[in-house]
$ cat coords-v3.cif   # mmCIF, C-alpha atoms
data_run
loop_
_atom_site.group_PDB
_atom_site.id
_atom_site.type_symbol
_atom_site.label_atom_id
_atom_site.label_comp_id
_atom_site.auth_asym_id
_atom_site.auth_seq_id
_atom_site.Cartn_x
_atom_site.Cartn_y
_atom_site.Cartn_z
ATOM 1 C CA MET G 15 -35.926 -106.268 -92.754
ATOM 2 C CA GLU G 16 -37.193 -109.801 -92.319
ATOM 3 C CA HIS G 17 -34.681 -112.661 -92.147
ATOM 4 C CA LYS G 18 -35.403 -116.235 -93.069
ATOM 5 C CA ASP G 19 -35.207 -117.412 -89.438
ATOM 6 C CA THR G 20 -37.358 -114.599 -88.043
ATOM 7 C CA THR G 21 -40.678 -113.024 -88.947
ATOM 8 C CA HIS G 22 -42.783 -110.108 -87.773
ATOM 9 C CA PHE G 23 -45.193 -110.260 -84.874
ATOM 10 C CA GLY G 24 -46.688 -106.821 -85.148
ATOM 11 C CA TYR G 25 -43.637 -104.558 -85.301
ATOM 12 C CA ARG G 26 -41.400 -107.014 -83.417
ATOM 13 C CA GLN G 27 -39.162 -109.619 -84.986
ATOM 14 C CA VAL G 28 -39.618 -113.081 -83.470
ATOM 15 C CA PRO G 29 -38.334 -116.550 -84.414
ATOM 16 C CA VAL G 30 -40.486 -118.108 -87.142
ATOM 17 C CA SER G 31 -41.166 -121.060 -84.856
ATOM 18 C CA ASP G 32 -42.599 -118.748 -82.171
ATOM 19 C CA LYS G 33 -45.048 -116.623 -84.166
ATOM 20 C CA ALA G 34 -47.930 -119.114 -84.128
ATOM 21 C CA ARG G 35 -47.674 -119.327 -80.341
ATOM 22 C CA HIS G 36 -47.708 -115.537 -79.952
ATOM 23 C CA VAL G 37 -50.722 -115.194 -82.257
ATOM 24 C CA ALA G 38 -52.495 -117.994 -80.368
ATOM 25 C CA GLU G 39 -52.008 -116.138 -77.079
ATOM 26 C CA VAL G 40 -53.626 -113.015 -78.566
ATOM 27 C CA PHE G 41 -56.736 -114.858 -79.708
ATOM 28 C CA HIS G 42 -57.022 -116.988 -76.564
ATOM 29 C CA SER G 43 -57.111 -113.659 -74.722
ATOM 30 C CA VAL G 44 -59.763 -111.947 -76.851
ATOM 31 C CA ALA G 45 -61.937 -114.907 -77.981
ATOM 32 C CA GLY G 46 -64.758 -114.401 -75.482
ATOM 33 C CA LYS G 47 -65.369 -110.783 -76.506
ATOM 34 C CA TYR G 48 -64.134 -110.972 -80.096
ATOM 35 C CA ASP G 49 -67.468 -110.092 -81.729
ATOM 36 C CA LEU G 50 -68.144 -107.250 -79.299
ATOM 37 C CA MET G 51 -64.728 -105.790 -79.996
ATOM 38 C CA ASN G 52 -65.242 -106.131 -83.757
ATOM 39 C CA ASP G 53 -68.471 -104.154 -83.446
ATOM 40 C CA LEU G 54 -66.767 -101.456 -81.396
ATOM 41 C CA MET G 55 -63.640 -101.318 -83.564
ATOM 42 C CA SER G 56 -65.503 -101.055 -86.856
ATOM 43 C CA MET G 57 -68.692 -99.382 -85.578
ATOM 44 C CA GLY G 58 -70.526 -102.453 -86.839
ATOM 45 C CA ILE G 59 -69.260 -102.102 -90.402
ATOM 46 C CA HIS G 60 -67.469 -105.477 -90.256
ATOM 47 C CA ARG G 61 -70.890 -107.088 -90.605
ATOM 48 C CA LEU G 62 -71.430 -105.272 -93.915
ATOM 49 C CA TRP G 63 -67.963 -106.330 -95.158
ATOM 50 C CA LYS G 64 -68.793 -109.955 -94.361
ATOM 51 C CA TRP G 65 -72.278 -109.653 -95.867
ATOM 52 C CA PHE G 66 -70.739 -108.358 -99.102
ATOM 53 C CA THR G 67 -68.284 -111.277 -99.153
ATOM 54 C CA VAL G 68 -70.923 -113.946 -98.637
ATOM 55 C CA ASN G 69 -73.300 -112.422 -101.163
ATOM 56 C CA ASN G 70 -70.602 -112.305 -103.830
ATOM 57 C CA SER G 71 -69.461 -115.871 -103.233
ATOM 58 C CA GLY G 72 -71.775 -117.533 -105.750
ATOM 59 C CA VAL G 73 -72.265 -120.382 -103.251
ATOM 60 C CA ARG G 74 -75.305 -122.540 -104.049
ATOM 61 C CA ARG G 75 -77.204 -125.417 -102.504
ATOM 62 C CA GLY G 76 -75.118 -128.562 -102.241
ATOM 63 C CA ALA G 77 -71.796 -126.711 -102.264
ATOM 64 C CA LYS G 78 -68.905 -127.492 -99.960
ATOM 65 C CA VAL G 79 -67.414 -124.401 -98.319
ATOM 66 C CA LEU G 80 -64.309 -123.911 -96.168
ATOM 67 C CA ASP G 81 -64.579 -120.941 -93.801
ATOM 68 C CA LEU G 82 -60.916 -120.679 -92.862
ATOM 69 C CA ALA G 83 -59.947 -118.740 -89.736
ATOM 70 C CA GLY G 84 -63.713 -118.769 -89.274
ATOM 71 C CA GLY G 85 -63.488 -117.821 -85.616
ATOM 72 C CA THR G 86 -66.872 -117.130 -84.090
ATOM 73 C CA GLY G 87 -68.780 -118.302 -87.155
ATOM 74 C CA ASP G 88 -70.262 -115.187 -88.787
ATOM 75 C CA LEU G 89 -69.665 -116.423 -92.336
ATOM 76 C CA THR G 90 -70.346 -120.069 -91.493
ATOM 77 C CA ARG G 91 -73.820 -119.120 -90.245
ATOM 78 C CA LYS G 92 -74.742 -117.588 -93.610
ATOM 79 C CA PHE G 93 -73.093 -120.313 -95.674
ATOM 80 C CA SER G 94 -74.946 -122.987 -93.702
ATOM 81 C CA GLU G 95 -78.236 -121.505 -94.929
ATOM 82 C CA MET G 96 -76.984 -121.170 -98.507
ATOM 83 C CA VAL G 97 -75.667 -124.726 -98.990
ATOM 84 C CA GLY G 98 -78.651 -126.424 -97.340
ATOM 85 C CA ASP G 99 -78.931 -130.022 -96.173
ATOM 86 C CA SER G 100 -77.108 -131.370 -99.216
ATOM 87 C CA GLY G 101 -74.076 -129.129 -98.696
ATOM 88 C CA LYS G 102 -71.397 -128.784 -96.050
ATOM 89 C CA VAL G 103 -69.555 -125.946 -94.362
ATOM 90 C CA VAL G 104 -66.254 -126.585 -92.614
ATOM 91 C CA LEU G 105 -65.429 -123.958 -90.001
ATOM 92 C CA ALA G 106 -61.679 -124.184 -89.490
ATOM 93 C CA ASP G 107 -59.483 -122.177 -87.162
ATOM 94 C CA ILE G 108 -55.994 -122.726 -85.793
ATOM 95 C CA ASN G 109 -57.074 -121.354 -82.426
ATOM 96 C CA ALA G 110 -58.981 -123.728 -80.134
ATOM 97 C CA SER G 111 -60.544 -120.897 -78.102
ATOM 98 C CA MET G 112 -61.964 -119.163 -81.156
ATOM 99 C CA LEU G 113 -63.198 -122.459 -82.583
ATOM 100 C CA SER G 114 -64.914 -123.297 -79.301
ATOM 101 C CA VAL G 115 -66.663 -119.926 -79.145
ATOM 102 C CA GLY G 116 -67.884 -120.337 -82.720
ATOM 103 C CA ARG G 117 -69.110 -123.896 -82.191
ATOM 104 C CA ASP G 118 -70.932 -123.034 -78.968
ATOM 105 C CA ARG G 119 -72.552 -119.951 -80.453
ATOM 106 C CA LEU G 120 -73.803 -121.679 -83.604
ATOM 107 C CA THR G 121 -74.965 -124.759 -81.700
ATOM 108 C CA ASP G 122 -76.838 -122.633 -79.144
ATOM 109 C CA ASP G 123 -78.583 -120.856 -82.027
ATOM 110 C CA GLY G 124 -79.613 -124.170 -83.597
ATOM 111 C CA VAL G 125 -77.297 -123.828 -86.585
ATOM 112 C CA VAL G 126 -76.403 -127.511 -86.847
ATOM 113 C CA GLY G 127 -76.497 -130.417 -89.250
ATOM 114 C CA ASN G 128 -74.281 -129.333 -92.120
ATOM 115 C CA ILE G 129 -71.332 -127.804 -90.236
ATOM 116 C CA GLU G 130 -68.057 -129.491 -89.364
ATOM 117 C CA TYR G 131 -65.491 -127.958 -86.993
ATOM 118 C CA VAL G 132 -61.794 -128.521 -87.612
ATOM 119 C CA GLN G 133 -58.750 -127.123 -85.843
ATOM 120 C CA ALA G 134 -56.367 -126.515 -88.717
ATOM 121 C CA ASN G 135 -53.276 -124.571 -89.720
ATOM 122 C CA ALA G 136 -53.820 -122.681 -92.982
ATOM 123 C CA GLU G 137 -50.256 -123.512 -94.046
ATOM 124 C CA ALA G 138 -50.971 -127.266 -94.025
ATOM 125 C CA LEU G 139 -54.689 -127.839 -94.461
ATOM 126 C CA PRO G 140 -55.757 -131.382 -93.462
ATOM 127 C CA PHE G 141 -58.067 -131.929 -96.438
ATOM 128 C CA PRO G 142 -57.731 -133.880 -99.706
ATOM 129 C CA ASP G 143 -56.928 -132.122 -102.970
ATOM 130 C CA ASN G 144 -59.887 -130.538 -104.791
ATOM 131 C CA SER G 145 -62.253 -130.640 -101.785
ATOM 132 C CA PHE G 146 -64.058 -127.276 -101.730
ATOM 133 C CA ASP G 147 -66.182 -125.210 -104.090
ATOM 134 C CA CYS G 148 -65.405 -122.019 -102.175
ATOM 135 C CA ILE G 149 -62.859 -121.003 -99.547
ATOM 136 C CA THR G 150 -63.209 -117.839 -97.497
ATOM 137 C CA MET G 151 -60.710 -116.329 -95.090
ATOM 138 C CA ALA G 152 -61.942 -113.255 -93.255
ATOM 139 C CA PHE G 153 -59.445 -111.277 -91.185
ATOM 140 C CA GLY G 154 -57.128 -114.242 -90.734
ATOM 141 C CA LEU G 155 -54.429 -114.157 -93.403
ATOM 142 C CA ARG G 156 -52.446 -111.360 -91.776
ATOM 143 C CA ASN G 157 -51.860 -113.595 -88.729
ATOM 144 C CA VAL G 158 -50.414 -116.464 -90.780
ATOM 145 C CA THR G 159 -46.640 -116.882 -90.542
ATOM 146 C CA ASP G 160 -46.014 -118.076 -94.112
ATOM 147 C CA LYS G 161 -48.714 -116.533 -96.291
ATOM 148 C CA ASP G 162 -47.337 -117.988 -99.531
ATOM 149 C CA LYS G 163 -47.472 -121.473 -98.054
ATOM 150 C CA ALA G 164 -51.052 -120.871 -96.864
ATOM 151 C CA LEU G 165 -52.188 -119.643 -100.289
ATOM 152 C CA ALA G 166 -50.625 -122.712 -101.915
ATOM 153 C CA SER G 167 -52.418 -124.944 -99.400
ATOM 154 C CA MET G 168 -55.738 -123.237 -100.141
ATOM 155 C CA TYR G 169 -55.161 -123.635 -103.874
ATOM 156 C CA ARG G 170 -54.516 -127.351 -103.418
ATOM 157 C CA VAL G 171 -57.775 -128.076 -101.575
ATOM 158 C CA LEU G 172 -59.941 -125.895 -103.846
ATOM 159 C CA LYS G 173 -61.843 -127.686 -106.605
ATOM 160 C CA PRO G 174 -61.204 -126.725 -110.234
ATOM 161 C CA GLY G 175 -63.634 -123.888 -110.934
ATOM 162 C CA GLY G 176 -63.673 -122.994 -107.242
ATOM 163 C CA GLN G 177 -63.127 -119.553 -105.770
ATOM 164 C CA LEU G 178 -60.937 -118.213 -102.953
ATOM 165 C CA MET G 179 -62.129 -115.053 -101.190
ATOM 166 C CA VAL G 180 -59.773 -113.267 -98.797
ATOM 167 C CA LEU G 181 -61.342 -110.463 -96.765
ATOM 168 C CA GLU G 182 -58.650 -108.548 -94.931
ATOM 169 C CA PHE G 183 -57.631 -105.169 -93.614
ATOM 170 C CA SER G 184 -55.516 -103.419 -96.221
ATOM 171 C CA LYS G 185 -54.005 -100.048 -97.111
ATOM 172 C CA PRO G 186 -56.475 -97.145 -96.877
ATOM 173 C CA ALA G 187 -56.592 -94.152 -99.178
ATOM 174 C CA ASP G 188 -53.947 -91.503 -98.486
ATOM 175 C CA TRP G 189 -56.497 -88.943 -97.310
ATOM 176 C CA LEU G 190 -57.621 -91.298 -94.555
ATOM 177 C CA ALA G 191 -54.237 -92.647 -93.462
ATOM 178 C CA LYS G 192 -53.400 -90.124 -90.718
ATOM 179 C CA ALA G 193 -56.777 -90.360 -88.977
ATOM 180 C CA TYR G 194 -56.754 -94.157 -89.331
ATOM 181 C CA ASP G 195 -53.319 -94.376 -87.697
ATOM 182 C CA ALA G 196 -54.414 -92.160 -84.817
ATOM 183 C CA TYR G 197 -57.442 -94.365 -84.231
ATOM 184 C CA SER G 198 -55.539 -97.634 -84.562
ATOM 185 C CA PHE G 199 -52.576 -96.857 -82.329
ATOM 186 C CA HIS G 200 -54.124 -94.603 -79.700
ATOM 187 C CA LEU G 201 -57.850 -95.235 -79.377
ATOM 188 C CA LEU G 202 -58.085 -98.919 -80.293
ATOM 189 C CA PRO G 203 -55.688 -100.234 -77.590
ATOM 190 C CA ARG G 204 -57.555 -98.172 -74.989
ATOM 191 C CA ILE G 205 -60.879 -99.651 -76.084
ATOM 192 C CA GLY G 206 -59.291 -103.093 -75.802
ATOM 193 C CA LYS G 207 -58.090 -102.345 -72.298
ATOM 194 C CA VAL G 208 -61.527 -101.182 -71.149
ATOM 195 C CA ILE G 209 -63.521 -104.000 -72.754
ATOM 196 C CA THR G 210 -61.175 -106.980 -72.407
ATOM 197 C CA GLY G 211 -58.499 -105.797 -69.994
ATOM 198 C CA ASP G 212 -55.984 -106.529 -72.749
ATOM 199 C CA GLU G 213 -54.346 -103.482 -74.306
ATOM 200 C CA ASP G 214 -51.349 -105.324 -75.789
ATOM 201 C CA SER G 215 -53.381 -107.715 -77.938
ATOM 202 C CA TYR G 216 -55.198 -104.854 -79.623
ATOM 203 C CA ARG G 217 -51.946 -102.998 -80.172
ATOM 204 C CA TYR G 218 -50.684 -106.144 -81.914
ATOM 205 C CA LEU G 219 -53.829 -106.286 -84.058
ATOM 206 C CA ALA G 220 -53.227 -102.715 -85.220
ATOM 207 C CA GLU G 221 -49.568 -103.451 -85.967
ATOM 208 C CA SER G 222 -50.402 -106.686 -87.787
ATOM 209 C CA ILE G 223 -52.654 -104.745 -90.173
ATOM 210 C CA ARG G 224 -49.760 -102.420 -91.079
ATOM 211 C CA MET G 225 -47.429 -105.359 -91.699
ATOM 212 C CA HIS G 226 -49.897 -107.126 -94.007
ATOM 213 C CA PRO G 227 -49.221 -106.902 -97.766
ATOM 214 C CA ASP G 228 -51.067 -104.096 -99.551
ATOM 215 C CA GLN G 229 -53.738 -104.762 -102.155
ATOM 216 C CA ASP G 230 -51.499 -105.167 -105.202
ATOM 217 C CA THR G 231 -48.891 -107.238 -103.359
ATOM 218 C CA LEU G 232 -51.501 -109.720 -102.107
ATOM 219 C CA LYS G 233 -52.951 -109.968 -105.612
ATOM 220 C CA GLN G 234 -49.464 -110.840 -106.924
ATOM 221 C CA MET G 235 -49.051 -113.455 -104.183
ATOM 222 C CA MET G 236 -52.336 -115.078 -105.223
ATOM 223 C CA ASP G 237 -51.200 -115.059 -108.859
ATOM 224 C CA THR G 238 -47.944 -116.744 -107.857
ATOM 225 C CA ALA G 239 -49.871 -119.430 -105.937
ATOM 226 C CA GLY G 240 -51.673 -120.326 -109.172
ATOM 227 C CA PHE G 241 -54.951 -118.442 -108.837
ATOM 228 C CA GLU G 242 -56.402 -116.921 -111.986
ATOM 229 C CA ARG G 243 -58.699 -113.972 -112.705
ATOM 230 C CA THR G 244 -57.502 -112.468 -109.417
ATOM 231 C CA GLN G 245 -58.937 -109.111 -108.469
ATOM 232 C CA TYR G 246 -59.665 -107.041 -105.402
ATOM 233 C CA HIS G 247 -62.433 -104.719 -104.333
ATOM 234 C CA ASN G 248 -61.727 -101.957 -101.831
ATOM 235 C CA MET G 249 -64.289 -101.185 -99.146
ATOM 236 C CA THR G 250 -64.480 -98.225 -96.755
ATOM 237 C CA ALA G 251 -61.771 -96.319 -98.655
ATOM 238 C CA GLY G 252 -59.414 -99.295 -98.687
ATOM 239 C CA ILE G 253 -59.443 -99.978 -94.956
ATOM 240 C CA VAL G 254 -60.598 -103.431 -96.037
ATOM 241 C CA ALA G 255 -60.179 -105.229 -99.350
ATOM 242 C CA LEU G 256 -61.838 -108.357 -100.696
ATOM 243 C CA HIS G 257 -59.457 -110.364 -102.894
ATOM 244 C CA ARG G 258 -60.863 -113.049 -105.168
ATOM 245 C CA GLY G 259 -59.192 -115.693 -107.306
ATOM 246 C CA TYR G 260 -60.180 -118.885 -109.100
ATOM 247 C CA LYS G 261 -58.623 -122.299 -109.686
ATOM 248 C CA PHE G 262 -59.014 -123.639 -113.214
#

$ encode --input "coords-v3.cif" --output "structure tokens"
Amino acid sequence: MEHKDTTHFGYRQVPVSDKARHVAEVFHSVAGKYDLMNDLMSMGIHRLWKWFTVNNSGVRRGAKVLDLAGGTGDLTRKFSEMVGDSGKVVLADINASMLSVGRDRLTDDGVVGNIEYVQANAEALPFPDNSFDCITMAFGLRNVTDKDKALASMYRVLKPGGQLMVLEFSKPADWLAKAYDAYSFHLLPRIGKVITGDEDSYRYLAESIRMHPDQDTLKQMMDTAGFERTQYHNMTAGIVALHRGYKF
């Protein structure tokens, strides 16, 4: 059971004030090979999950998009094309190493001009009210210490009529659960050890997925934060879910 002065870091209880530091250490460790590990972990399917998210965003030319926990820039790259010269994409991440990898990768590929990079905590976003037409958060919410506070912060900076899209690992169908657990807790940490030399970080990633709210609970949290017309769409038998909500 979680107490008000502690929170979960994977399956461990840690002081609330320490979780951000522990999460930062994980992503500092894996940043350089984050995309490679995502490909190996998901057999490349994470690219389809992200493609589905971007293509259901309704983002148009001239829009202003916040790619929160944007990491190595997969979504930012696509949004940069969609919003064009008259739009803007803000790639924000709390982790300096991930932000640096994303900035270097996009810059090296010539994706420049309409992208801004901001180191930011999702719980206290450093943007004015009603700033963005669309906010996306792909595989980042489960690492946030106070998810309710983060959702409220996202609601504040979203424009009226704007959409929040949260792409996150979720609760898979019952028939898949046993095989998914075996993969997550036995094979995944070993892959992490071979590829990055870091078994513990990938064990944490597996545990963090199990500690994340399930589909209906996250929908209720978005409702409580003020979002309307909230819904979710399961992908790959519920291993991942895309939650969507609007601010009116």

$ atom_distance --input "coords-v3.cif" --atom1 "atom CA of Val158 of chain G" --atom2 "atom CA of Leu139 of chain G"
12.7 Å

$ residues_around --input "coords-v3.cif" --residues "segment 222-237 of chain G" --least-positions-apart "2" --cutoff "8 Å" --atoms "all atoms listed in the file" --output "PyMOL selection string"
chain G and resi 22-25+156-157+162+165+183-185+218-220+239-242+244-246+255+257+259

$ residues_around --input "coords-v3.cif" --residues "Ser100 of chain G" --least-positions-apart "2" --cutoff "12 Å" --atoms "all atoms listed in the file" --output "ChimeraX atom specification"
/G:74-79,94-98,102-103,127-129

$ atom_distance --input "coords-v3.cif" --atom1 "atom CA of Phe146 of chain G" --atom2 "atom CA of Thr90 of chain G"
14.0 Å

$ residues_near_point --input "coords-v3.cif" --point "(-49.9, -123.7, -96.3)" --cutoff "9 Å" --atoms "only C-alpha atoms" --output "list in words"
Asn135, Ala136, Glu137, Ala138, Leu139, Asp160, Lys161, Asp162, Lys163, Ala164, Leu165, Ala166, Ser167 and Met168 of chain G

$ write_last_selection --input "coords-v3.cif" --atoms "C-alpha atoms" --output "mmCIF file, in the coordinates of the input"
data_model
loop_
_atom_site.group_PDB
_atom_site.id
_atom_site.type_symbol
_atom_site.label_atom_id
_atom_site.label_comp_id
_atom_site.auth_asym_id
_atom_site.auth_seq_id
_atom_site.Cartn_x
_atom_site.Cartn_y
_atom_site.Cartn_z
ATOM 1 C CA ASN G 135 -53.276 -124.571 -89.720
ATOM 2 C CA ALA G 136 -53.820 -122.681 -92.982
ATOM 3 C CA GLU G 137 -50.256 -123.512 -94.046
ATOM 4 C CA ALA G 138 -50.971 -127.266 -94.025
ATOM 5 C CA LEU G 139 -54.689 -127.839 -94.461
ATOM 6 C CA ASP G 160 -46.014 -118.076 -94.112
ATOM 7 C CA LYS G 161 -48.714 -116.533 -96.291
ATOM 8 C CA ASP G 162 -47.337 -117.988 -99.531
ATOM 9 C CA LYS G 163 -47.472 -121.473 -98.054
ATOM 10 C CA ALA G 164 -51.052 -120.871 -96.864
ATOM 11 C CA LEU G 165 -52.188 -119.643 -100.289
ATOM 12 C CA ALA G 166 -50.625 -122.712 -101.915
ATOM 13 C CA SER G 167 -52.418 -124.944 -99.400
ATOM 14 C CA MET G 168 -55.738 -123.237 -100.141
#
